[in-house]
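Before any comments, here is the structure.
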Amino acid sequence: MSQESQFPKRFKFMDIQKKWSRFWQESKLYNFDFDPKLKLFSIDTPPPFVSGSLHMGHILNHSWIDFVARYHRMKGDNVYFPQGFDCHGLPVELAVAKYYGVSKDNREEFLAKCVEWVNDNIDNMTKQLDELGYSTDWRYTYRTMSDEYKRKVQISLLEFYEKGLLYREKFPTHFCVNCETSVAKAEVGYNDEIGNLWYIKLPIVEREDKYLTIATTRPEYMEACVSVLINPNDDRYYDLSAAEVKLPIANRIVRVYMDDRVDMNFGTGVVYVCTYGDEMDIKWKLEYNLDEIQIFTENGHMNNNSVYKGLTIMEAREKIVDDLDSMGLLEKIEEYEHSIIIHTERSSCRTPIEYLPVYQWFINVKDSTQEIIESANSMKWYPEKHKQRLIDWAEGLDWNWVISRQRVFGTPIPFWYCQECNEIIPPKREDLPLDPVIFPPPVKNCPRCGSTSIIGEKDVCDCWIDSSISPLAMAKWLENDEFFKKAYLTAEVHRPQGYEIIRTWMFYTLFRCKILTGKSPFSEAMINGMVAGPDGRHMSKSYGNVVSPDEVMPEFGADAVRHWAAMGSLGDDYPFEFTWINTHTKQPISKKDIEIEKEKLSPDKFFKKYSRNFEQLTGASRFITKMWNAYRFLYLNQKNIEISNLNLKSEELTEIDYYYFSEFNRVLDEITVYNNEYNWHEALMSLRSFFWNDLCDNYIEAIKYKFYSENQRIRQNALKSALSLFYKILITFAFMMPFITEEIYSIIYSEYIQLESIHQEQWPLPFDNIPNELAIRGKLAIEIIKILRNCKSKLQIPLNQEISRVVVLTSKDLISQIEKIKNDIFNTIRIKNFEVIDKEKEKELIEKPMLKEYYEELDLVISIFD
């Protein structure tokens, strides 16, 4: 085989990725070995939601997780690295309805199509992760829709019920009328928008032509008004305590109450309490024992309690405003900026939240917030700042967890209830998993009232109920006691996740796992930021700003993509940037012009004319090419210089070798600290700089001449030293860029190192027995070489062209040091006559130099002569 075919000039990443992916799978390199004697490092991988393919946000997340797994293996840990998939949820239902045309009313067929859709997406995601070099053991994969997973979820709910933490009641909950389901408080957020403030006059009962004016952002709630509140300290309304007002349109009379929580500075200082406009309405309704009037349906229309029955909420708003105006009761309208609560969990929704009083299932979490905070404090956070997100959320929580969802594809809530008295009938543990809509209840008569009107719950679980037991599920809870003890109870459990789900996935997992096992689940957490698309918003299909790895992998390869991921900062958002260029002229195109062109051209014509320039990946590819070329240079010399091993002896090493070995030790200490704290960005920046600027630009240049020496021992020693140093560097790159490092290892190092794969290597140890005096002298040699190379550049002398004469003027102390390294200096720079003399004798230099420069830091004067 020729040298060119063994180590080609170009890194052909697509062929290499296929080769090593196949080898890793066939050799079972990443198969987990459960050894009861070894302590485990378990990774509670976030199960991606299987709504489609992965995008670059997922790729950052899963690259970091793979870094953790590979790095900890190299550190000697027995790493348990399973991967799960979050299968249930509304997006799957929407996709099935859209792509298969199946209605969820046809329950059996609909659920079968949901499973089919999910399995297809899991197959695609698995392929994408394999292409990334993801080193999970697929034998331990879990799916939240599997019977075994649902069994564990349902048993966990049964245990919460038995502990008195799970209950069912009718209560106004956050409800998304677009998704037609209740949502937890953690799934909503606030959005600032410009709206209106309508000033509406309410006639005061028994006071002719007297009105009380309210200001509201929700006039459509008029028919649900159950009282009016005024602050008792508001002198404008001192005479209205216990007065009554007549509601227009509803034609009802409600009472005025005094409450010091009313904001006197908002609108007119008068508010109307409706069931339910916001969380304060709920509190006031309960405190004053007010009536409850529900006017909205679950799909966002007016119901039978409204004269506007059938209209949407926004249609009813417009109609009621017109009617109030025609009655002469609309005083004025003001523009008003305010925050509205919306469904934020799904970026494609963002619908305003309503508060609908419907029967829901709840878990009491408010009483456990202090325990959750204690669990958070017991673990390490990387970075520490994100722990405060969880603490703030826990301390501010004032709602229990609504766990029921009005959907079809999800884990069934495994309970029945009596329609007469609302008594809950729990399942038998041995019957789980089950669907209470299909499975008969364990009793025929209600144990409380004796009624036979027992019905199975048709609602399904919130997806966070599924995923919040992920550390238990992956550790084979309720399945294998020995495995569970090693993988959860005594393991060091690592949780990697994004900061945006701290108040959901992290919060609920800390809560649920501690309740179920008595032990906090995690030893540590690594928090990543969100990947932003080109429009600056976080990457999401609903925003239309996603970039799939399938779009960039064929052009740049997995190692470049992983390099991009490693450059993201711990805990911070990270942009995935690109610019548009004209394919023919290679000139950049502005975003504005691109949008115009998209409107004018068909997709085929548009993508023929314009392409994306991924600057970050281009930079990563440039570095990978530098790596490839550096090791190829060593390989070409390896083929011409025979060495049998990489064992180093002190007499074989030079001052320059010792200097770079000591520099490697310094960098190794630095990046080990960074990697231990999952600060991939700083570790890679330090490693890149050392590899490119120090090793490639200086070390290789300083020893290159030795490869062509007539002395075989010099050639061998130089190659052995270089290969040893570059091998340790290769190992440090391996967990971030597994494909190129495996390929280089197989070509250059496999004959010396008796391992199947570089990924069986341990994290490198520092070089030992480095004489400090020799390392310092080596540094001096490199500094002088760098100075002389710079001088050549200034004089426009090619680096490979010989210089006639160089004179170094320095102190007597340094002369002896430079004399010992002068061979490396004049051979590297190619100097015919190299002199080192006492600076006191400068006046003896009669000939005028081409260039003369003084380097104060080194106490050197360097003169170059023609």
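Naming scheme: A, B, ... for chains in displayed order of the structure tokens; residues 1 onward per chain; ligands 1 onward as shown.
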
Taking the DSSP secondary structure from the backbone, can you list the residues of stretch 688-834 of chain A that are strand (DSSP E), as an MDAnalysis selection string? chainID A and resid 803:810 831:834

Exercise: stretch 164-178 of chain A partners within 7 Å, only C-alpha atoms, chain neighbours under 5 positions left out, as a ChimeraX atom specification: /A:183-185,298-300,343,351,353-364

Wanna dump the stretch 429-510 of chain A-stretch 146-153 of chain A contacts at 8 Å for me, each residue with its shortest atom pair and the distance in Å to one decimal, counting only C-alpha atoms, ordered by chain and number, as a tab-separated table?
```
residue	atom	partner	partner_atom	distance
A:Leu432	CA	A:Arg151	CA	5.5
A:Pro433	CA	A:Arg151	CA	4.4
A:Leu434	CA	A:Arg151	CA	8.0
A:Ile465	CA	A:Val153	CA	7.2
A:Asp466	CA	A:Val153	CA	6.2
A:Ile469	CA	A:Val153	CA	7.3
A:Ala473	CA	A:Tyr149	CA	6.9
A:Trp477	CA	A:Lys152	CA	7.8
A:Leu478	CA	A:Lys152	CA	7.2
```

Between A:Gln817, A:Trp763, A:Glu701, A:Lys485, which has the minimum distance to A:Ile671 (counting only C-alpha atoms)?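 Closest residue, counting only C-alpha atoms: A:Trp763.
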
Can you work out the spacing between atom CA of A:Tyr30 and atom CA of A:Ile758 in Å, to one decimal? 12.4 Å

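Distances from A:Lys608, A:Arg830, A:His301, A:Lys444 to A:Glu315 were compared using only C-alpha atoms, and the smallest one belongs to A:His301.
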
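Contact shell of A:Glu223 at 10 Å (only C-alpha atoms; same-chain neighbours under 4 positions omitted): Pro219, Leu247, Pro248, Ile249, Ala250, Asn251, Arg252, Cys274, Thr275, Ile293, Gln294, Ile295, Asn305, Ser306, Val307, Tyr308 and Ile320 of chain A.
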
Please produce a file of those selected residues containing all heavy atoms, as a CSV table (one decimal), in the first residue's frame.
```
chain,number,residue,atom,x,y,z
A,219,PRO,N,-62.6,42.8,28.4
A,219,PRO,CA,-64.0,43.1,28.4
A,219,PRO,C,-64.9,41.9,28.2
A,219,PRO,O,-66.0,41.8,28.6
A,219,PRO,CB,-64.2,44.2,27.3
A,219,PRO,CG,-63.0,44.0,26.4
A,219,PRO,CD,-61.9,43.5,27.3
A,247,LEU,N,-74.5,44.7,36.1
A,247,LEU,CA,-73.6,44.3,35.0
A,247,LEU,C,-74.4,44.5,33.6
A,247,LEU,O,-75.4,43.8,33.5
A,247,LEU,CB,-73.1,42.9,35.1
A,247,LEU,CG,-72.3,42.6,36.4
A,247,LEU,CD1,-72.0,41.1,36.4
A,247,LEU,CD2,-71.0,43.4,36.4
A,248,PRO,N,-73.9,45.3,32.7
A,248,PRO,CA,-74.5,45.3,31.4
A,248,PRO,C,-74.3,44.0,30.7
A,248,PRO,O,-73.4,43.2,31.0
A,248,PRO,CB,-73.8,46.4,30.7
A,248,PRO,CG,-72.5,46.6,31.4
A,248,PRO,CD,-72.7,46.2,32.8
A,249,ILE,N,-75.2,43.7,29.8
A,249,ILE,CA,-75.2,42.4,29.0
A,249,ILE,C,-75.6,41.2,29.8
A,249,ILE,O,-76.5,40.5,29.4
A,249,ILE,CB,-73.8,42.2,28.3
A,249,ILE,CG1,-73.5,43.4,27.3
A,249,ILE,CG2,-73.8,40.9,27.5
A,249,ILE,CD1,-72.2,43.4,26.7
A,250,ALA,N,-74.9,41.0,30.9
A,250,ALA,CA,-75.3,39.9,31.8
A,250,ALA,C,-76.6,40.2,32.5
A,250,ALA,O,-77.3,39.2,33.0
A,250,ALA,CB,-74.1,39.6,32.8
A,251,ASN,N,-76.9,41.5,32.8
A,251,ASN,CA,-78.1,41.9,33.5
A,251,ASN,C,-78.2,41.2,34.9
A,251,ASN,O,-79.2,40.7,35.3
A,251,ASN,CB,-79.4,41.6,32.7
A,251,ASN,CG,-79.5,42.5,31.5
A,251,ASN,OD1,-79.2,43.7,31.6
A,251,ASN,ND2,-79.9,41.9,30.3
A,252,ARG,N,-77.0,41.2,35.6
A,252,ARG,CA,-77.0,40.7,36.9
A,252,ARG,C,-76.5,41.8,37.8
A,252,ARG,O,-75.8,42.8,37.4
A,252,ARG,CB,-76.0,39.5,37.0
A,252,ARG,CG,-76.5,38.2,36.5
A,252,ARG,CD,-75.6,37.1,36.7
A,252,ARG,NE,-74.3,37.2,36.0
A,252,ARG,CZ,-73.2,37.5,36.6
A,252,ARG,NH1,-73.1,37.8,37.9
A,252,ARG,NH2,-72.1,37.5,35.9
A,274,CYS,N,-63.6,38.3,38.0
A,274,CYS,CA,-64.3,37.4,37.1
A,274,CYS,C,-63.8,35.9,37.3
A,274,CYS,O,-62.7,35.7,37.8
A,274,CYS,CB,-64.0,37.8,35.7
A,274,CYS,SG,-64.4,39.5,35.3
A,275,THR,N,-64.6,35.0,37.0
A,275,THR,CA,-64.2,33.6,37.2
A,275,THR,C,-63.9,32.9,35.8
A,275,THR,O,-64.9,32.5,35.1
A,275,THR,CB,-65.3,32.8,37.9
A,275,THR,OG1,-66.5,33.0,37.3
A,275,THR,CG2,-65.3,33.2,39.4
A,293,ILE,N,-68.9,31.4,37.6
A,293,ILE,CA,-69.6,31.4,36.3
A,293,ILE,C,-68.6,31.2,35.2
A,293,ILE,O,-67.7,32.0,35.0
A,293,ILE,CB,-70.3,32.8,36.0
A,293,ILE,CG1,-71.3,33.0,37.2
A,293,ILE,CG2,-71.0,32.8,34.7
A,293,ILE,CD1,-71.9,34.4,37.1
A,294,GLN,N,-68.7,30.1,34.5
A,294,GLN,CA,-67.7,29.7,33.5
A,294,GLN,C,-68.3,30.1,32.1
A,294,GLN,O,-69.4,29.6,31.8
A,294,GLN,CB,-67.4,28.2,33.5
A,294,GLN,CG,-66.3,27.8,32.6
A,294,GLN,CD,-65.9,26.3,32.8
A,294,GLN,OE1,-66.4,25.7,33.7
A,294,GLN,NE2,-65.2,25.8,31.8
A,295,ILE,N,-67.6,30.8,31.3
A,295,ILE,CA,-68.2,31.3,30.0
A,295,ILE,C,-67.4,30.8,28.8
A,295,ILE,O,-67.8,31.0,27.7
A,295,ILE,CB,-68.3,32.8,30.0
A,295,ILE,CG1,-66.9,33.5,30.2
A,295,ILE,CG2,-69.3,33.3,31.0
A,295,ILE,CD1,-66.9,35.0,29.9
A,305,ASN,N,-73.4,29.9,28.9
A,305,ASN,CA,-73.6,31.0,29.9
A,305,ASN,C,-73.4,32.4,29.3
A,305,ASN,O,-73.5,33.3,30.0
A,305,ASN,CB,-72.6,30.8,31.0
A,305,ASN,CG,-72.9,29.5,31.8
A,305,ASN,OD1,-74.1,29.1,32.0
A,305,ASN,ND2,-71.9,28.9,32.4
A,306,SER,N,-73.2,32.4,28.0
A,306,SER,CA,-72.9,33.7,27.3
A,306,SER,C,-74.0,33.9,26.2
A,306,SER,O,-74.4,33.0,25.5
A,306,SER,CB,-71.5,33.7,26.7
A,306,SER,OG,-71.3,34.9,25.9
A,307,VAL,N,-74.3,35.2,26.1
A,307,VAL,CA,-75.2,35.6,24.9
A,307,VAL,C,-74.5,35.5,23.6
A,307,VAL,O,-75.1,35.6,22.5
A,307,VAL,CB,-75.8,37.0,25.1
A,307,VAL,CG1,-76.7,37.0,26.4
A,307,VAL,CG2,-74.8,38.0,25.2
A,308,TYR,N,-73.2,35.4,23.7
A,308,TYR,CA,-72.3,35.3,22.5
A,308,TYR,C,-71.9,33.9,22.2
A,308,TYR,O,-70.8,33.6,21.6
A,308,TYR,CB,-71.1,36.2,22.7
A,308,TYR,CG,-71.4,37.6,23.0
A,308,TYR,CD1,-71.3,38.1,24.3
A,308,TYR,CD2,-71.9,38.5,22.1
A,308,TYR,CE1,-71.6,39.4,24.7
A,308,TYR,CE2,-72.2,39.8,22.4
A,308,TYR,CZ,-72.1,40.2,23.7
A,308,TYR,OH,-72.4,41.5,24.0
A,320,ILE,N,-68.7,42.5,22.2
A,320,ILE,CA,-69.1,43.1,23.5
A,320,ILE,C,-68.7,44.5,23.5
A,320,ILE,O,-69.4,45.4,24.1
A,320,ILE,CB,-68.6,42.3,24.7
A,320,ILE,CG1,-69.4,42.6,25.9
A,320,ILE,CG2,-67.1,42.5,24.9
A,320,ILE,CD1,-69.2,41.6,27.1
```

Can you pull out every residue within 12 Å of A:Asp367, counting only C-alpha atoms, but drop anything in the same chain fewer than 2 positions away, and send it as a list in words?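 Those residues are Gly164, Leu165, Ile363, Asn364, Val365, Thr369, Gln370, Glu371, Ile372, Ile373, Ala394, Glu395, Leu397, Asp398, Trp399, Asn400, Trp401, Phe511 and Ile515 of chain A.
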
Can you list, as an NGL selection string, every protein, DNA or RNA residue that comes within 10 Å of stretch 567-572 of chain A when you count only C-alpha atoms, leaving out same-chain residues fewer than 3 positions away? :A and (60 or 64 or 382-386 or 497-499 or 526-531 or 562-564 or 575-576 or 616 or 620 or 677-685)

Written file, previous selection with N, CA and C atoms, as a JSON list (two decimals), in the first residue's frame:
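Contents of the output file again10.json:
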```json
[["chain", "number", "residue", "atom", "x", "y", "z"],
["A", 60, "LEU", "N", -25.70, 20.07, 19.94],
["A", 60, "LEU", "CA", -24.85, 20.64, 20.99],
["A", 60, "LEU", "C", -25.04, 19.86, 22.28],
["A", 64, "TRP", "N", -22.11, 17.40, 24.02],
["A", 64, "TRP", "CA", -21.60, 17.62, 25.38],
["A", 64, "TRP", "C", -21.76, 16.35, 26.23],
["A", 382, "TYR", "N", -22.76, 22.85, 37.38],
["A", 382, "TYR", "CA", -21.81, 23.43, 36.44],
["A", 382, "TYR", "C", -22.61, 24.10, 35.33],
["A", 383, "PRO", "N", -22.68, 25.45, 35.29],
["A", 383, "PRO", "CA", -22.09, 26.39, 36.24],
["A", 383, "PRO", "C", -23.00, 26.57, 37.46],
["A", 384, "GLU", "N", -22.42, 27.04, 38.53],
["A", 384, "GLU", "CA", -23.12, 27.20, 39.80],
["A", 384, "GLU", "C", -24.30, 28.16, 39.69],
["A", 385, "LYS", "N", -24.19, 29.17, 38.80],
["A", 385, "LYS", "CA", -25.20, 30.23, 38.73],
["A", 385, "LYS", "C", -26.60, 29.70, 38.43],
["A", 386, "HIS", "N", -26.69, 28.57, 37.75],
["A", 386, "HIS", "CA", -28.01, 28.10, 37.34],
["A", 386, "HIS", "C", -28.77, 27.40, 38.47],
["A", 497, "GLN", "N", -28.38, 18.84, 31.06],
["A", 497, "GLN", "CA", -29.64, 19.37, 30.53],
["A", 497, "GLN", "C", -29.50, 20.85, 30.22],
["A", 498, "GLY", "N", -30.52, 21.40, 29.56],
["A", 498, "GLY", "CA", -30.56, 22.83, 29.27],
["A", 498, "GLY", "C", -31.16, 23.61, 30.42],
["A", 499, "TYR", "N", -30.78, 24.88, 30.51],
["A", 499, "TYR", "CA", -31.28, 25.70, 31.61],
["A", 499, "TYR", "C", -32.78, 25.97, 31.49],
["A", 526, "MET", "N", -24.72, 19.28, 34.67],
["A", 526, "MET", "CA", -24.05, 20.11, 33.66],
["A", 526, "MET", "C", -25.14, 20.82, 32.86],
["A", 527, "ILE", "N", -25.13, 22.12, 32.87],
["A", 527, "ILE", "CA", -26.20, 22.91, 32.25],
["A", 527, "ILE", "C", -25.69, 23.59, 30.98],
["A", 528, "ASN", "N", -26.37, 23.32, 29.88],
["A", 528, "ASN", "CA", -26.04, 24.00, 28.62],
["A", 528, "ASN", "C", -27.06, 25.08, 28.33],
["A", 529, "GLY", "N", -26.65, 26.04, 27.51],
["A", 529, "GLY", "CA", -27.57, 27.08, 27.05],
["A", 529, "GLY", "C", -28.34, 26.60, 25.83],
["A", 530, "MET", "N", -29.07, 27.50, 25.25],
["A", 530, "MET", "CA", -29.87, 27.16, 24.06],
["A", 530, "MET", "C", -29.13, 27.63, 22.81],
["A", 531, "VAL", "N", -29.26, 26.86, 21.75],
["A", 531, "VAL", "CA", -28.66, 27.24, 20.47],
["A", 531, "VAL", "C", -29.62, 28.17, 19.74],
["A", 562, "ARG", "N", -18.72, 18.50, 16.15],
["A", 562, "ARG", "CA", -18.43, 18.34, 17.57],
["A", 562, "ARG", "C", -17.48, 19.44, 18.06],
["A", 563, "HIS", "N", -16.54, 19.82, 17.21],
["A", 563, "HIS", "CA", -15.65, 20.94, 17.53],
["A", 563, "HIS", "C", -16.47, 22.21, 17.74],
["A", 564, "TRP", "N", -17.44, 22.44, 16.84],
["A", 564, "TRP", "CA", -18.33, 23.60, 17.00],
["A", 564, "TRP", "C", -19.05, 23.53, 18.34],
["A", 575, "PRO", "N", -24.92, 30.88, 19.51],
["A", 575, "PRO", "CA", -25.51, 31.02, 18.17],
["A", 575, "PRO", "C", -24.93, 30.01, 17.19],
["A", 576, "PHE", "N", -25.78, 29.52, 16.33],
["A", 576, "PHE", "CA", -25.30, 28.75, 15.17],
["A", 576, "PHE", "C", -25.43, 29.69, 13.97],
["A", 616, "GLN", "N", -18.55, 29.16, 11.45],
["A", 616, "GLN", "CA", -18.04, 28.43, 12.60],
["A", 616, "GLN", "C", -17.53, 27.05, 12.20],
["A", 620, "ALA", "N", -13.75, 25.29, 12.19],
["A", 620, "ALA", "CA", -13.48, 23.98, 12.78],
["A", 620, "ALA", "C", -12.80, 23.07, 11.76],
["A", 677, "GLU", "N", -14.62, 20.37, 35.15],
["A", 677, "GLU", "CA", -15.75, 21.27, 35.39],
["A", 677, "GLU", "C", -16.64, 21.40, 34.16],
["A", 678, "TYR", "N", -16.42, 20.55, 33.16],
["A", 678, "TYR", "CA", -17.22, 20.52, 31.92],
["A", 678, "TYR", "C", -17.17, 21.84, 31.16],
["A", 679, "ASN", "N", -16.05, 22.53, 31.29],
["A", 679, "ASN", "CA", -15.84, 23.79, 30.57],
["A", 679, "ASN", "C", -15.11, 23.48, 29.27],
["A", 680, "TRP", "N", -15.85, 22.88, 28.34],
["A", 680, "TRP", "CA", -15.23, 22.42, 27.09],
["A", 680, "TRP", "C", -14.64, 23.57, 26.31],
["A", 681, "HIS", "N", -15.28, 24.70, 26.33],
["A", 681, "HIS", "CA", -14.82, 25.86, 25.55],
["A", 681, "HIS", "C", -13.40, 26.24, 25.92],
["A", 682, "GLU", "N", -13.16, 26.46, 27.21],
["A", 682, "GLU", "CA", -11.83, 26.90, 27.64],
["A", 682, "GLU", "C", -10.79, 25.80, 27.41],
["A", 683, "ALA", "N", -11.19, 24.56, 27.63],
["A", 683, "ALA", "CA", -10.25, 23.44, 27.41],
["A", 683, "ALA", "C", -9.82, 23.39, 25.95],
["A", 684, "LEU", "N", -10.80, 23.48, 25.03],
["A", 684, "LEU", "CA", -10.47, 23.39, 23.62],
["A", 684, "LEU", "C", -9.67, 24.61, 23.16],
["A", 685, "MET", "N", -10.02, 25.79, 23.64],
["A", 685, "MET", "CA", -9.26, 26.98, 23.27],
["A", 685, "MET", "C", -7.79, 26.84, 23.67]]
```

Using only C-alpha atoms, determine which residues lie at most 10 Å from stretch 841-844 of chain A, disregarding the query and same-chain residues fewer than 2 positions distant; provide the list as a ChimeraX atom specification. /A:807-810,837-839,846-847,861

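Going from atom CA of A:Val321 to atom CA of A:Thr268 covers 18.2 Å.
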
Using backbone DSSP assignments, extract all helix (DSSP H, G or I) residues from stretch 616-716 of chain A; output them as an MDAnalysis selection string. chainID A and resid 616:638 650:652 655:676 680:708 712:716

Each stretch 614-712 of chain A residue no farther than 12 Å from stretch 74-90 of chain A, nearest pair in Å, only C-alpha atoms, as a tab-separated table:
```
residue	atom	partner	partner_atom	distance
A:Thr672	CA	A:Lys75	CA	10.1
A:Asn675	CA	A:Lys75	CA	10.7
A:Asn676	CA	A:Lys75	CA	9.9
```

For A:Ile424, work out the shell of residues within 8 Å, counting only C-alpha atoms and skipping chain neighbours fewer than 5 positions away, then give it as an mmCIF file with N, CA and C atoms, in the first residue's frame.
```
data_model
loop_
_atom_site.group_PDB
_atom_site.id
_atom_site.type_symbol
_atom_site.label_atom_id
_atom_site.label_comp_id
_atom_site.auth_asym_id
_atom_site.auth_seq_id
_atom_site.Cartn_x
_atom_site.Cartn_y
_atom_site.Cartn_z
ATOM 1 N N ARG A 168 -57.619 14.361 43.094
ATOM 2 C CA ARG A 168 -58.408 14.846 41.955
ATOM 3 C C ARG A 168 -59.427 15.833 42.473
ATOM 4 N N PHE A 415 -56.307 5.308 37.383
ATOM 5 C CA PHE A 415 -57.296 5.345 38.462
ATOM 6 C C PHE A 415 -58.703 5.414 37.880
ATOM 7 N N TRP A 416 -59.640 5.001 38.705
ATOM 8 C CA TRP A 416 -61.053 5.175 38.409
ATOM 9 C C TRP A 416 -61.630 6.122 39.463
ATOM 10 N N TYR A 417 -62.801 6.654 39.210
ATOM 11 C CA TYR A 417 -63.442 7.502 40.222
ATOM 12 C C TYR A 417 -64.956 7.306 40.144
ATOM 13 N N CYS A 418 -65.584 7.577 41.272
ATOM 14 C CA CYS A 418 -67.037 7.444 41.364
ATOM 15 C C CYS A 418 -67.682 8.723 40.848
#
```

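Taking atom CA of A:Ala491 and atom CA of A:Ser42 as endpoints, the distance between them is 6.5 Å.
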
Of the candidates A:Met258, A:Ile253, A:Ile731, A:Val667, which one gets nearest to A:Val271 if we count only C-alpha atoms? A:Met258
